[in-house]
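Q: Supplied structure: my_file-v6.tsv, TSV, C-alpha atoms.
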chain	number	residue	atom	x	y	z
A	1	MET	CA	131.49	140.05	93.19
A	2	ARG	CA	130.18	139.73	89.64
A	3	PHE	CA	132.78	137.01	88.95
A	4	ALA	CA	131.67	135.03	92.02
A	5	THR	CA	128.00	135.17	90.99
A	6	THR	CA	128.83	134.07	87.43
A	7	ALA	CA	131.05	131.26	88.72
A	8	LEU	CA	128.29	130.00	91.04
A	9	ALA	CA	125.79	130.05	88.18
A	10	ILE	CA	128.13	128.02	85.95
A	11	ILE	CA	128.77	125.50	88.73
A	12	ALA	CA	125.01	125.17	89.41
A	13	LEU	CA	124.33	124.47	85.74
A	14	THR	CA	126.97	121.76	85.53
A	15	ILE	CA	125.92	119.78	88.63
A	16	PRO	CA	123.36	117.06	87.81
A	17	ALA	CA	120.07	117.28	89.65
A	18	SER	CA	119.78	115.00	92.65
A	19	ASP	CA	116.91	112.50	92.95
A	20	GLY	CA	115.14	115.05	95.12
A	21	PHE	CA	114.86	117.40	92.14
A	22	ALA	CA	114.54	114.88	89.31
A	23	ALA	CA	111.12	114.36	87.80
A	24	LYS	CA	109.38	111.40	89.37
A	25	LYS	CA	108.11	108.75	86.97
A	26	ALA	CA	104.37	108.26	87.20
A	27	LYS	CA	103.24	105.15	89.01
A	28	PRO	CA	101.91	102.52	86.56
A	29	PRO	CA	98.12	102.06	86.57
A	30	SER	CA	96.88	99.46	89.05
A	31	TYR	CA	94.85	97.71	86.33
A	32	ILE	CA	98.02	96.24	84.79
A	33	GLY	CA	98.01	92.48	85.28
A	34	THR	CA	96.01	89.34	84.64
A	35	TRP	CA	92.36	89.21	85.65
A	36	ALA	CA	89.51	86.68	85.53
A	37	THR	CA	85.81	86.76	86.36
A	38	SER	CA	86.58	84.21	89.11
A	39	LEU	CA	89.81	82.97	90.68
A	40	SER	CA	89.24	79.55	89.10
A	41	GLY	CA	89.17	81.32	85.72
A	42	CYS	CA	92.80	82.30	86.27
A	43	LYS	CA	93.73	78.72	85.39
A	44	ALA	CA	91.93	78.70	82.02
A	45	ALA	CA	94.16	78.32	78.97
A	46	ALA	CA	95.01	81.48	77.05
A	47	GLY	CA	93.33	81.69	73.66
A	48	LYS	CA	90.24	79.80	74.86
A	49	GLU	CA	86.83	81.13	75.81
A	50	GLY	CA	86.88	82.00	79.52
A	51	ALA	CA	90.62	82.73	79.43
A	52	PRO	CA	91.86	85.44	81.78
A	53	VAL	CA	92.13	89.05	80.63
A	54	VAL	CA	95.63	90.46	80.27
A	55	MET	CA	95.77	94.22	80.84
A	56	THR	CA	98.82	96.29	79.97
A	57	GLU	CA	99.13	100.04	80.31
A	58	SER	CA	97.68	100.47	76.81
A	59	ALA	CA	95.88	97.22	75.91
A	60	TYR	CA	93.17	94.70	76.81
A	61	ASN	CA	93.58	91.14	75.51
A	62	GLN	CA	91.21	88.24	76.13
A	63	PHE	CA	90.25	85.36	73.84
A	64	GLU	CA	88.75	87.01	70.75
A	65	THR	CA	88.70	90.61	72.04
A	66	HIS	CA	91.76	92.81	71.68
A	67	CYS	CA	91.79	96.56	72.36
A	68	THR	CA	94.51	99.21	72.39
A	69	TRP	CA	94.52	102.86	73.41
A	70	ASP	CA	97.02	105.68	73.25
A	71	LYS	CA	96.29	107.30	76.60
A	72	THR	CA	94.13	107.12	79.69
A	73	SER	CA	92.83	109.81	81.96
A	74	TYR	CA	92.01	109.30	85.62
A	75	ARG	CA	88.71	110.91	86.61
A	76	GLY	CA	86.58	110.24	89.64
A	77	TYR	CA	87.43	106.69	90.61
A	78	ALA	CA	88.45	105.18	87.27
A	79	TRP	CA	90.78	105.33	84.29
A	80	HIS	CA	89.02	106.25	81.05
A	81	ALA	CA	90.21	105.33	77.56
A	82	LYS	CA	89.00	105.51	73.98
A	83	ALA	CA	90.01	102.15	72.59
A	84	ALA	CA	90.33	100.67	69.12
A	85	CYS	CA	89.15	97.07	69.39
A	86	VAL	CA	88.96	93.96	67.27
A	87	VAL	CA	86.20	91.64	68.49
A	88	THR	CA	85.94	88.27	66.74
A	89	GLY	CA	87.58	89.86	63.71
A	90	ASN	CA	85.37	92.98	63.60
A	91	LYS	CA	86.84	96.44	64.23
A	92	GLN	CA	85.00	98.74	66.60
A	93	ASP	CA	85.71	101.73	68.81
A	94	GLU	CA	84.93	101.49	72.52
A	95	THR	CA	84.95	103.77	75.52
A	96	LEU	CA	86.31	102.03	78.60
A	97	ALA	CA	86.14	102.89	82.28
A	98	ILE	CA	88.51	100.81	84.42
A	99	ALA	CA	88.12	100.93	88.21
A	100	VAL	CA	90.37	99.00	90.60
A	101	SER	CA	90.03	98.47	94.32
A	102	GLY	CA	92.68	96.15	95.74
A	103	ASP	CA	92.42	92.88	93.83
A	104	ALA	CA	89.05	93.68	92.23
A	105	MET	CA	88.57	95.40	88.88
A	106	SER	CA	85.40	96.65	87.22
A	107	LEU	CA	85.55	97.25	83.50
A	108	THR	CA	82.69	99.21	81.96
A	109	TRP	CA	82.25	99.06	78.21
A	110	GLY	CA	80.66	102.33	77.06
A	111	GLY	CA	79.12	101.04	73.85
A	112	ALA	CA	77.38	98.12	75.54
A	113	LYS	CA	76.78	100.01	78.79
A	114	SER	CA	77.78	96.87	80.65
A	115	THR	CA	80.20	96.31	83.51
A	116	ILE	CA	82.22	93.15	84.06
A	117	HIS	CA	83.81	92.42	87.44
A	118	TYR	CA	87.18	90.69	87.70
A	119	ALA	CA	89.52	89.30	90.37
A	120	ARG	CA	93.28	89.70	90.07
A	121	CYS	CA	95.05	86.45	89.21
A	122	LYS	CA	98.08	85.70	91.39
Render the structure in this file as structure tokens.

A:
Amino acid sequence: MRFATTALAIIALTIPASDGFAAKKAKPPSYIGTWATSLSGCKAAAGKEGAPVVMTESAYNQFETHCTWDKTSYRGYAWHAKAACVVTGNKQDETLAIAVSGDAMSLTWGGAKSTIHYARCK
């Protein structure tokens, strides 16, 4: 009996886990994408004032404002990040709150206490 139990344990350790037991990869944040303050703004040229915002999992890029962050946390209804930004060549730290509902995003800048509303570009 001891041999059978040991053999089963060895077999169990050598069989790869099925998808049912494998760790699921977290779903990417819904803020990833290209956004503009209006749908017509989606057509503005990159690198120009009024250009759309490009959001990645760890960065915000738009015209002369570029921010990166190491991690986000999801609290309440929004993702929160402490970002290192370069705005028109000046370095500054920002606290961001990013809320998404369908194709609408609200981005609140903590330092300025202002919220900008965006539409998802398609």

Q: With all atoms listed in the file as the atoms that count, which of A:Ser58, A:Val87, A:Pro52, A:Thr65 lies nearest to Pro28 in chain A?

A: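 Going through A:Ser58, A:Val87, A:Pro52, A:Thr65 one by one, the smallest distance to Pro28 in chain A is for A:Ser58.
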
Q: Tell me which of A:Thr88, A:Thr68, A:Ser73, A:Gln62 sits closest to Ala36 in chain A, counting all atoms listed in the file.

A: A:Gln62

Q: Do you know which residues are at most 10 Å from Lys122 in chain A counting only C-alpha atoms, after dropping those on the same chain fewer than 6 positions away, and could you put them as a list in words?

A: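 In the requested format, the answer is Gly33, Thr34, Trp35, Leu39, Cys42 and Asp103 of chain A.
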
Q: For Val100 in chain A, work out the shell of residues within 12 Å, counting all atoms listed in the file and skipping chain neighbours fewer than 2 positions away, then give it as a list in words.

A: Pro29, Ser30, Tyr31, Ile32, Gly33, Trp35, Tyr74, Gly76, Tyr77, Ala78, Trp79, Ala97, Ile98, Gly102, Asp103, Ala104, Met105, Ser106, Leu107, Thr108, Ile116, His117, Tyr118, Ala119 and Arg120 of chain A

Q: So that I can check the surroundings of Ala84 in chain A, please list as number ranges by chain every protein, DNA and RNA residue that reaches within 8 Å of it, counting all atoms listed in the file and ignoring chain neighbours fewer than 2 positions away.

A: A: 67-69, 82, 86, 91-94
